[in-house]
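Student: Handing over structure.tsv, TSV, C-alpha atoms.
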```tsv
chain	number	residue	atom	x	y	z
W	19	MET	CA	4.03	16.61	-8.59
W	20	PRO	CA	5.42	17.18	-5.12
W	21	LEU	CA	4.21	15.43	-2.00
W	22	HIS	CA	3.23	18.01	0.59
W	23	ILE	CA	3.79	17.20	4.25
W	24	SER	CA	3.93	19.28	7.42
W	25	LYS	CA	7.11	19.44	9.50
W	26	PRO	CA	5.50	17.60	12.45
W	27	HIS	CA	4.35	14.76	10.16
W	28	TRP	CA	7.75	14.65	8.49
W	29	ASP	CA	9.42	14.38	11.89
W	30	GLU	CA	6.92	11.72	12.96
W	31	LEU	CA	7.62	9.29	10.13
W	32	ARG	CA	11.36	9.73	10.54
W	33	ARG	CA	11.17	9.29	14.28
W	34	HIS	CA	9.26	6.05	13.82
W	35	GLY	CA	12.23	4.62	11.92
W	36	GLU	CA	14.58	5.62	14.74
W	37	GLU	CA	12.37	3.99	17.34
W	38	THR	CA	12.17	0.66	15.52
W	39	TYR	CA	15.85	0.58	14.50
W	40	PRO	CA	17.48	-1.85	13.70
W	41	HIS	CA	14.16	-3.06	12.35
W	42	GLU	CA	12.14	-1.52	9.53
W	43	CYS	CA	9.19	0.62	10.50
W	44	CYS	CA	6.12	1.04	8.31
W	45	GLY	CA	2.98	3.09	8.13
W	46	VAL	CA	0.30	4.74	6.05
W	47	LEU	CA	-0.01	8.32	4.86
W	48	VAL	CA	-3.56	9.62	4.77
W	49	GLY	CA	-4.51	12.92	3.20
W	50	SER	CA	-5.91	14.49	0.11
W	51	LEU	CA	-5.37	14.39	-3.60
W	52	ASP	CA	-6.35	17.48	-5.58
W	53	ALA	CA	-7.62	17.65	-9.15
W	54	ALA	CA	-4.11	18.31	-10.43
W	55	GLY	CA	-2.86	15.13	-8.75
W	56	GLU	CA	-0.91	16.78	-5.96
W	57	LYS	CA	-0.95	14.86	-2.72
W	58	ALA	CA	-0.96	16.38	0.76
W	59	VAL	CA	-0.39	14.31	3.88
W	60	ARG	CA	-2.78	15.06	6.75
W	61	GLU	CA	-2.11	12.03	8.97
W	62	VAL	CA	0.80	9.68	9.53
W	63	ILE	CA	-0.51	6.36	10.80
W	64	ARG	CA	1.96	3.93	12.32
W	65	CYS	CA	1.45	0.26	11.55
W	66	GLY	CA	2.95	-2.91	12.90
W	67	ASN	CA	5.51	-4.79	10.82
W	68	GLN	CA	4.14	-8.25	10.17
W	69	ARG	CA	7.52	-9.53	8.95
W	70	THR	CA	8.66	-10.64	12.39
W	71	ASP	CA	10.73	-13.31	10.60
W	72	SER	CA	12.97	-10.69	8.98
W	73	PRO	CA	12.18	-7.23	10.39
W	74	HIS	CA	15.67	-5.85	9.76
W	75	ASN	CA	15.15	-5.88	6.00
W	76	ARG	CA	11.47	-6.63	5.31
W	77	TYR	CA	8.15	-5.06	6.18
W	78	SER	CA	4.54	-5.91	5.56
W	79	ILE	CA	1.39	-4.15	6.76
W	80	ASP	CA	-1.50	-6.31	7.95
W	81	PRO	CA	-4.30	-5.92	5.37
W	82	ARG	CA	-6.78	-5.69	8.26
W	83	GLU	CA	-5.06	-2.49	9.32
W	84	LEU	CA	-5.28	-1.20	5.78
W	85	VAL	CA	-9.01	-1.95	5.64
W	86	ARG	CA	-9.58	-0.02	8.87
W	87	ILE	CA	-7.38	2.88	7.79
W	88	GLN	CA	-9.08	3.11	4.40
W	89	ARG	CA	-12.51	3.07	6.05
W	90	ARG	CA	-11.54	5.77	8.53
W	91	ALA	CA	-10.07	7.88	5.77
W	92	ARG	CA	-13.30	7.68	3.76
W	93	GLU	CA	-15.34	8.70	6.81
W	94	SER	CA	-13.26	11.85	7.09
W	95	ASP	CA	-13.35	12.47	3.33
W	96	GLN	CA	-9.69	11.64	2.91
W	97	ASP	CA	-7.69	9.04	1.02
W	98	ILE	CA	-4.68	6.83	1.45
W	99	VAL	CA	-2.06	8.85	-0.42
W	100	GLY	CA	0.99	6.76	0.38
W	101	PHE	CA	3.05	4.61	2.67
W	102	TYR	CA	6.33	4.95	4.48
W	103	HIS	CA	8.98	2.61	5.76
W	104	SER	CA	12.61	2.73	6.83
W	105	HIS	CA	15.83	1.14	5.62
W	106	PRO	CA	18.12	0.45	8.60
W	107	ASP	CA	21.68	1.23	7.51
W	108	HIS	CA	20.65	1.28	3.86
W	109	PRO	CA	20.03	4.16	1.47
W	110	ALA	CA	16.68	5.90	1.24
W	111	HIS	CA	16.05	4.45	-2.18
W	112	TRP	CA	13.60	1.81	-3.33
W	113	SER	CA	14.89	-1.73	-3.71
W	114	SER	CA	13.82	-4.42	-6.17
W	115	THR	CA	11.74	-5.88	-3.32
W	116	ASP	CA	10.07	-2.53	-2.76
W	117	LEU	CA	9.09	-2.39	-6.42
W	118	GLU	CA	7.94	-6.01	-6.63
W	119	GLU	CA	5.71	-5.55	-3.60
W	120	ALA	CA	4.30	-2.15	-4.61
W	121	HIS	CA	0.70	-2.35	-5.81
W	122	TRP	CA	-0.83	1.09	-5.25
W	123	PRO	CA	-0.24	3.11	-8.45
W	124	GLY	CA	-0.43	6.83	-7.89
W	125	CYS	CA	0.59	6.54	-4.25
W	126	SER	CA	3.79	7.82	-2.70
W	127	TYR	CA	6.26	5.43	-1.17
W	128	VAL	CA	8.39	7.34	1.33
W	129	ILE	CA	11.62	5.75	2.52
W	130	THR	CA	13.89	6.92	5.33
W	131	SER	CA	17.45	5.73	5.73
W	132	VAL	CA	18.23	5.20	9.42
W	133	ARG	CA	21.97	5.08	10.09
W	134	ASN	CA	23.08	3.77	13.47
W	135	GLY	CA	19.71	4.66	14.91
W	136	THR	CA	19.50	8.19	13.50
W	137	ALA	CA	17.25	9.19	10.61
W	138	ALA	CA	19.32	10.38	7.68
W	139	ASP	CA	17.81	10.94	4.22
W	140	THR	CA	14.10	10.63	3.45
W	141	ASN	CA	13.00	10.30	-0.15
W	142	SER	CA	9.69	9.75	-1.87
W	143	PHE	CA	8.84	7.79	-4.98
W	144	GLU	CA	5.51	7.69	-6.75
W	145	LEU	CA	4.45	4.33	-8.13
W	146	ARG	CA	3.46	4.62	-11.78
W	147	ALA	CA	1.82	1.99	-13.94
W	148	ASP	CA	2.15	1.84	-17.70
W	149	GLY	CA	0.17	-1.11	-18.98
W	150	ASP	CA	1.70	-4.20	-17.41
W	151	ASN	CA	4.83	-2.32	-16.38
W	152	LYS	CA	5.25	-0.48	-13.12
W	153	PHE	CA	8.05	1.76	-11.97
W	154	PHE	CA	8.93	4.28	-9.33
W	155	GLN	CA	9.32	7.93	-10.25
W	156	ASP	CA	11.32	10.26	-8.01
W	157	GLU	CA	8.99	12.64	-6.21
W	158	GLU	CA	9.83	15.92	-4.51
W	159	ILE	CA	8.81	16.18	-0.86
W	160	ARG	CA	7.74	19.67	0.24
W	161	VAL	CA	7.99	19.99	3.99
W	162	GLU	CA	5.82	22.92	5.02
E	19	MET	CA	-23.97	-4.70	-1.71
E	20	LYS	CA	-21.22	-2.17	-1.92
E	21	VAL	CA	-17.68	-2.62	-3.22
E	22	LEU	CA	-15.07	-0.17	-1.94
E	23	ILE	CA	-12.37	0.60	-4.46
E	24	PRO	CA	-9.01	1.69	-3.02
E	25	THR	CA	-7.32	4.89	-4.15
E	26	ALA	CA	-4.85	3.03	-6.31
E	27	LEU	CA	-7.46	1.22	-8.39
E	28	ARG	CA	-10.05	3.96	-8.92
E	29	GLN	CA	-8.42	5.04	-12.16
E	30	TYR	CA	-9.39	1.61	-13.53
E	31	ALA	CA	-12.95	1.80	-12.20
E	32	GLY	CA	-14.17	4.99	-13.82
E	33	GLY	CA	-12.82	7.06	-10.96
E	34	GLN	CA	-15.34	5.61	-8.53
E	35	SER	CA	-14.52	4.96	-4.89
E	36	ALA	CA	-17.57	2.77	-4.26
E	37	ILE	CA	-19.73	0.70	-6.58
E	38	VAL	CA	-23.11	-0.78	-5.69
E	39	LEU	CA	-23.87	-4.17	-7.22
E	40	ASP	CA	-26.44	-6.89	-6.95
E	41	ALA	CA	-24.39	-10.05	-6.41
E	42	ALA	CA	-24.67	-13.34	-4.54
E	43	SER	CA	-21.01	-14.13	-3.92
E	44	VAL	CA	-17.55	-12.61	-4.01
E	45	ASP	CA	-16.98	-14.45	-7.29
E	46	ASP	CA	-20.13	-12.95	-8.76
E	47	THR	CA	-19.13	-9.50	-7.50
E	48	LEU	CA	-15.61	-9.58	-8.92
E	49	GLY	CA	-16.93	-11.02	-12.15
E	50	GLN	CA	-19.38	-8.15	-12.56
E	51	LEU	CA	-16.67	-5.63	-11.74
E	52	GLY	CA	-14.41	-7.19	-14.33
E	53	THR	CA	-17.12	-7.00	-16.98
E	54	LEU	CA	-17.88	-3.38	-16.19
E	55	TYR	CA	-14.22	-2.39	-15.93
E	56	PRO	CA	-11.86	-4.58	-18.01
E	57	ASP	CA	-8.81	-2.60	-16.90
E	58	LEU	CA	-9.71	-3.34	-13.29
E	59	ARG	CA	-10.07	-7.03	-14.11
E	60	ARG	CA	-6.52	-7.05	-15.46
E	61	HIS	CA	-5.26	-5.62	-12.19
E	62	LEU	CA	-7.21	-8.02	-10.01
E	63	PHE	CA	-6.74	-11.23	-11.97
E	64	ASP	CA	-3.77	-12.91	-13.61
E	65	PRO	CA	-3.95	-14.11	-17.24
E	66	GLN	CA	-5.17	-17.49	-15.97
E	67	GLY	CA	-8.15	-15.84	-14.27
E	68	ARG	CA	-6.88	-16.30	-10.72
E	69	LEU	CA	-7.13	-13.54	-8.16
E	70	ARG	CA	-3.65	-12.04	-7.88
E	71	LYS	CA	-1.86	-12.97	-4.66
E	72	PHE	CA	-1.36	-9.36	-3.61
E	73	VAL	CA	-5.10	-8.62	-3.80
E	74	ASN	CA	-6.80	-8.95	-0.42
E	75	VAL	CA	-10.59	-9.12	-0.41
E	76	TYR	CA	-12.63	-8.53	2.71
E	77	VAL	CA	-16.34	-9.06	3.26
E	78	ASN	CA	-17.04	-6.55	5.99
E	79	ASP	CA	-14.10	-7.24	8.34
E	80	GLU	CA	-13.35	-10.80	7.26
E	81	ASP	CA	-10.61	-11.85	4.84
E	82	ILE	CA	-12.22	-14.19	2.31
E	83	ARG	CA	-9.21	-16.53	2.62
E	84	TYR	CA	-10.64	-17.45	6.04
E	85	LEU	CA	-14.18	-17.76	4.74
E	86	ALA	CA	-15.03	-19.56	1.52
E	87	ALA	CA	-12.56	-17.64	-0.67
E	88	GLU	CA	-14.23	-16.39	-3.84
E	89	ARG	CA	-17.24	-18.61	-3.14
E	90	THR	CA	-18.03	-16.59	-0.02
E	91	PRO	CA	-21.68	-15.54	-0.20
E	92	VAL	CA	-22.55	-11.87	0.19
E	93	GLN	CA	-25.69	-10.21	1.51
E	94	PRO	CA	-27.28	-6.99	0.25
E	95	ASP	CA	-26.00	-4.97	3.19
E	96	ASP	CA	-22.44	-6.32	3.04
E	97	THR	CA	-19.42	-4.26	2.12
E	98	ILE	CA	-16.59	-5.75	0.09
E	99	SER	CA	-13.18	-4.07	0.40
E	100	ILE	CA	-10.45	-4.66	-2.15
E	101	ILE	CA	-7.05	-3.94	-0.60
E	102	PRO	CA	-3.77	-4.49	-2.44
E	103	SER	CA	-0.98	-5.55	-0.12
E	104	VAL	CA	1.70	-3.19	1.15
E	105	ALA	CA	5.15	-4.67	1.72
E	106	GLY	CA	8.78	-4.28	0.78
E	107	GLY	CA	12.23	-4.04	2.28
E	108	SER	CA	15.78	-2.89	1.98
E	109	PRO	CA	18.29	-4.60	-0.33
E	110	TYR	CA	19.34	-8.11	0.68
E	111	SER	CA	22.69	-9.63	-0.17
E	112	PRO	CA	22.20	-13.41	-0.53
E	113	GLU	CA	25.92	-14.12	-1.05
E	114	SER	CA	26.77	-12.70	2.34
E	115	GLY	CA	23.63	-14.00	3.99
E	116	THR	CA	23.10	-10.64	5.64
E	117	ALA	CA	20.79	-7.77	4.97
E	118	HIS	CA	23.69	-5.36	4.99
E	119	GLY	CA	25.83	-7.09	2.41
E	120	ASN	CA	28.78	-7.21	4.78
E	121	PRO	CA	30.96	-10.31	4.98
E	122	HIS	CA	30.92	-12.24	8.25
```
Is it possible to give me this structure as structure tokens?
Tutor:
Amino acid sequence: MPLHISKPHWDELRRHGEETYPHECCGVLVGSLDAAGEKAVREVIRCGNQRTDSPHNRYSIDPRELVRIQRRARESDQDIVGFYHSHPDHPAHWSSTDLEEAHWPGCSYVITSVRNGTAADTNSFELRADGDNKFFQDEEIRVE
Amino acid sequence: MKVLIPTALRQYAGGQSAIVLDAASVDDTLGQLGTLYPDLRRHLFDPQGRLRKFVNVYVNDEDIRYLAAERTPVQPDDTISIIPSVAGGSPYSPESGTAHGNPH
């Protein structure tokens, strides 16, 4: 199932990675999930990177921010549909760390490669859970 | 009191986004949830019955780690939020000691 996102939101999450370069940026994607399981992003919410000890290759979102974002999403009848972060001078592909630290099955994890301060590729991966196993599945991004 | 179930875990809680329970503590609440939804219990707790490290539990706006952990009492008008952590990072090359894998 593709992840639907508007051009302005697409630009926003990529721009965030350029602004924080050479550090990783991170944020939450809020939107809707239809009965068929297709996700549509309605808001891109920037978050702070708590990993101030290693911001060039690690990110972590403060759970207090997640609580607030989840609450706000509910109030507007929306859901957290995914997260985004950047890989400074690394490919836009999930790492073993990304997979180990991913705990939201069904959500999209969007990664942007930022090369020398400029956003390059952006890819999305949906976290799937199969019993005790979890894995990322490549996900098409439809920029509309 | 009300328990808010995040998007990612609703599939293990009968599709519900919020569950109302009558409980006296966080422990009691999570225990009831686990009994009602065994799949959810497996996601929240490790095989030794400990809350998984990536599971953050809030009573209203307070992280239970800064209260009385699972023994934190709850009131009828409290809201418990279950929030899995969100973290990650780009590949790290330990042999080079740099994030980019380039030799010094």
Student: Go ahead and compute the interatomic distance for CA of Ile98 in chain W and CA of Gly45 in chain W, in Å to one decimal.
Tutor: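 Interatomic distance here is 10.8 Å.
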Student: What does the distance between CA of Phe101 in chain W and CA of Gly55 in chain W come to in Å, to one decimal place?
Tutor: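 Straight-line distance from CA of Phe101 in chain W to CA of Gly55 in chain W works out to 16.6 Å.
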Student: Quick one: residues within 6 Å of His41 in chain W, all atoms listed in the file counted, chain neighbours fewer than 3 positions away excluded, as a compact mmCIF listing (two decimals) with C-alpha atoms, keeping the file's coordinate frame?
Tutor:
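After the write, selection21.txt holds the following:
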```txt
# COMPACT_ATOMS: atom_id res chain seq x y z
CA THR W 38 12.17 0.66 15.52
CA PRO W 73 12.18 -7.23 10.39
CA HIS W 74 15.67 -5.85 9.76
```
Student: Using all atoms listed in the file, I'd like a table of the residues in chain E that come within 10 Å of chain W; for each, show the closest atom pair and its distance in Å rounded to one decimal, ordered by chain and ascending number, as CSV.
Tutor:
```
residue,atom,partner,partner_atom,distance
E:Leu22,CA,W:Arg89,CA,9.0
E:Ile23,CA,W:Gln88,CA,9.8
E:Pro24,CA,W:Gln88,CA,7.6
E:Thr25,CA,W:Ile98,CA,6.5
E:Ala26,CA,W:Trp122,CA,4.6
E:Leu27,CA,W:Trp122,CA,7.3
E:Arg28,CA,W:Pro123,CA,9.9
E:Gln29,CA,W:Pro123,CA,9.2
E:Ser35,CA,W:Arg92,CA,9.1
E:Asp57,CA,W:Gly149,CA,9.3
E:Arg60,CA,W:Asp150,CA,8.9
E:His61,CA,W:Asp150,CA,8.8
E:Phe72,CA,W:His121,CA,7.6
E:Val73,CA,W:His121,CA,8.8
E:Asn74,CA,W:Pro81,CA,7.0
E:Val75,CA,W:Pro81,CA,9.1
E:Tyr76,CA,W:Val85,CA,8.1
E:Asn78,CA,W:Val85,CA,9.3
E:Asp79,CA,W:Arg82,CA,7.5
E:Glu80,CA,W:Arg82,CA,8.4
E:Asp81,CA,W:Arg82,CA,8.0
E:Ser99,CA,W:Val85,CA,7.0
E:Ile100,CA,W:Val85,CA,8.4
E:Ile101,CA,W:Val85,CA,6.8
E:Pro102,CA,W:His121,CA,6.0
E:Ser103,CA,W:Pro81,CA,6.4
E:Val104,CA,W:Ile79,CA,5.7
E:Ala105,CA,W:Ser78,CA,4.1
E:Gly106,CA,W:Asp116,CA,4.2
E:Gly107,CA,W:Arg76,CA,4.1
E:Ser108,CA,W:Asn75,CA,5.0
E:Pro109,CA,W:Ser113,CA,5.6
E:Tyr110,CA,W:Asn75,CA,7.1
E:Thr116,CA,W:Asn75,CA,9.3
E:Ala117,CA,W:Asn75,CA,6.0
E:His118,CA,W:Asp107,CA,7.3
E:Gly119,CA,W:His108,CA,9.9
```
Student: To one decimal place, how far is CA of Leu62 in chain E from CA of Gln34 in chain E in Å?
Tutor: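 Computing the Euclidean distance for CA of Leu62 in chain E and CA of Gln34 in chain E yields 15.9 Å.
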Student: Using only C-alpha atoms, which of the listed residues (W:Gly66, W:Glu36, W:Ser24, W:Glu30) sits closest to Ala138 in chain W?
Tutor: W:Glu36
Student: Restricting the calculation to only C-alpha atoms, which member of W:Leu31, W:Val59, W:Val128, W:Ala91 is positioned closest to Asp156 in chain W?
Tutor: W:Val128
Student: Would you compute the box with edges along x, y and z of the file around range 30-37 of chain E, including every atom the file lists for it and 5 Å extra on each side, and give its centre and edge lengths in Å to one decimal, as JSON?
Tutor:
```
{"center_x": -14.6, "center_y": 3.9, "center_z": -9.0, "size_x": 20.3, "size_y": 16.4, "size_z": 19.6}
```
Student: As a short mmCIF file (atom, residue, chain, number, x, y, z; two decimals) with C-alpha atoms, in the frame of the given file, please: the residues near Tyr55 in chain E (cut-off 10 Å, only C-alpha atoms, same-chain neighbours under 6 positions excluded).
Tutor:
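Here's the written file result_9.cif:
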```cif
data_model
loop_
_atom_site.label_atom_id
_atom_site.label_comp_id
_atom_site.auth_asym_id
_atom_site.auth_seq_id
_atom_site.Cartn_x
_atom_site.Cartn_y
_atom_site.Cartn_z
CA TYR E 30 -9.39 1.61 -13.53
CA ALA E 31 -12.95 1.80 -12.20
CA GLY E 32 -14.17 4.99 -13.82
CA GLY E 49 -16.93 -11.02 -12.15
#
```
Student: For range 91-98 of chain E, work out the shell of residues within 10 Å, counting all atoms listed in the file and skipping chain neighbours fewer than 5 positions away, then give it as a list in words.
Tutor: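 Near range 91-98 of chain E, the qualifying residues are Met19, Lys20, Val21, Leu22, Ile23, Ala36, Ile37, Val38, Leu39, Asp40, Ala41, Ala42, Ser43, Val44, Asp45, Asp46, Thr47, Leu48, Val75, Tyr76, Val77, Asn78, Asp79, Glu80, Asp81, Ile82, Leu85 and Ala86 of chain E.
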Student: Please check which residues have atoms at most 9 Å from (2.6, 21.8, -1.7) in the file's coordinates, counting all atoms listed in the file, and write them as a list in words.
Tutor: Met19, Pro20, Leu21, His22, Ile23, Glu56, Lys57, Ala58, Ile159, Arg160, Val161 and Glu162 of chain W
Student: Could you rebuild range 51-80 of chain E with N, CA and C atoms and give it back as a compact mmCIF listing (two decimals), keeping the file's coordinate frame?
Tutor:
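That gives us selection_6.txt:
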```
# COMPACT_ATOMS: atom_id res chain seq x y z
N LEU E 51 -17.61 -6.76 -11.69
CA LEU E 51 -16.67 -5.63 -11.74
C LEU E 51 -15.77 -5.74 -12.96
N GLY E 52 -15.30 -6.97 -13.20
CA GLY E 52 -14.41 -7.19 -14.33
C GLY E 52 -15.08 -6.94 -15.67
N THR E 53 -16.36 -7.24 -15.74
CA THR E 53 -17.12 -7.00 -16.98
C THR E 53 -17.34 -5.51 -17.18
N LEU E 54 -17.66 -4.83 -16.09
CA LEU E 54 -17.88 -3.38 -16.19
C LEU E 54 -16.59 -2.63 -16.46
N TYR E 55 -15.51 -3.10 -15.85
CA TYR E 55 -14.22 -2.39 -15.93
C TYR E 55 -13.10 -3.36 -16.30
N PRO E 56 -12.89 -3.62 -17.58
CA PRO E 56 -11.86 -4.58 -18.01
C PRO E 56 -10.47 -4.24 -17.52
N ASP E 57 -10.14 -2.97 -17.41
CA ASP E 57 -8.81 -2.60 -16.90
C ASP E 57 -8.67 -3.04 -15.44
N LEU E 58 -9.74 -2.92 -14.69
CA LEU E 58 -9.71 -3.34 -13.29
C LEU E 58 -9.52 -4.85 -13.20
N ARG E 59 -10.20 -5.56 -14.10
CA ARG E 59 -10.07 -7.03 -14.11
C ARG E 59 -8.61 -7.43 -14.29
N ARG E 60 -7.93 -6.72 -15.17
CA ARG E 60 -6.52 -7.05 -15.46
C ARG E 60 -5.66 -6.84 -14.22
N HIS E 61 -6.04 -5.87 -13.40
CA HIS E 61 -5.26 -5.62 -12.19
C HIS E 61 -5.59 -6.60 -11.08
N LEU E 62 -6.79 -7.11 -11.07
CA LEU E 62 -7.21 -8.02 -10.01
C LEU E 62 -6.87 -9.47 -10.31
N PHE E 63 -6.91 -9.83 -11.59
CA PHE E 63 -6.74 -11.23 -11.97
C PHE E 63 -5.55 -11.42 -12.88
N ASP E 64 -4.88 -12.61 -12.72
CA ASP E 64 -3.77 -12.91 -13.61
C ASP E 64 -4.33 -13.43 -14.94
N PRO E 65 -3.45 -13.66 -15.93
CA PRO E 65 -3.95 -14.11 -17.24
C PRO E 65 -4.70 -15.45 -17.19
N GLN E 66 -4.46 -16.21 -16.10
CA GLN E 66 -5.17 -17.49 -15.97
C GLN E 66 -6.51 -17.33 -15.24
N GLY E 67 -6.87 -16.11 -14.92
CA GLY E 67 -8.15 -15.84 -14.27
C GLY E 67 -8.15 -16.01 -12.77
N ARG E 68 -6.97 -16.15 -12.17
CA ARG E 68 -6.88 -16.30 -10.72
C ARG E 68 -6.68 -14.93 -10.08
N LEU E 69 -7.30 -14.79 -8.90
CA LEU E 69 -7.13 -13.54 -8.16
C LEU E 69 -5.64 -13.39 -7.83
N ARG E 70 -5.07 -12.24 -8.14
CA ARG E 70 -3.65 -12.04 -7.88
C ARG E 70 -3.36 -12.12 -6.39
N LYS E 71 -2.19 -12.69 -6.07
CA LYS E 71 -1.86 -12.97 -4.66
C LYS E 71 -1.81 -11.72 -3.80
N PHE E 72 -1.49 -10.58 -4.41
CA PHE E 72 -1.36 -9.36 -3.61
C PHE E 72 -2.71 -8.67 -3.38
N VAL E 73 -3.77 -9.23 -3.97
CA VAL E 73 -5.10 -8.62 -3.80
C VAL E 73 -5.80 -9.27 -2.61
N ASN E 74 -6.08 -8.48 -1.59
CA ASN E 74 -6.80 -8.95 -0.42
C ASN E 74 -8.26 -8.51 -0.55
N VAL E 75 -9.16 -9.44 -0.32
CA VAL E 75 -10.59 -9.12 -0.41
C VAL E 75 -11.25 -9.40 0.93
N TYR E 76 -11.95 -8.41 1.42
CA TYR E 76 -12.63 -8.53 2.71
C TYR E 76 -14.13 -8.39 2.50
N VAL E 77 -14.89 -9.25 3.17
CA VAL E 77 -16.34 -9.06 3.26
C VAL E 77 -16.58 -8.52 4.66
N ASN E 78 -16.97 -7.28 4.72
CA ASN E 78 -17.04 -6.55 5.99
C ASN E 78 -15.64 -6.58 6.61
N ASP E 79 -15.44 -7.24 7.75
CA ASP E 79 -14.10 -7.24 8.34
C ASP E 79 -13.40 -8.59 8.22
N GLU E 80 -13.91 -9.46 7.38
CA GLU E 80 -13.35 -10.80 7.26
C GLU E 80 -12.63 -11.02 5.94
```
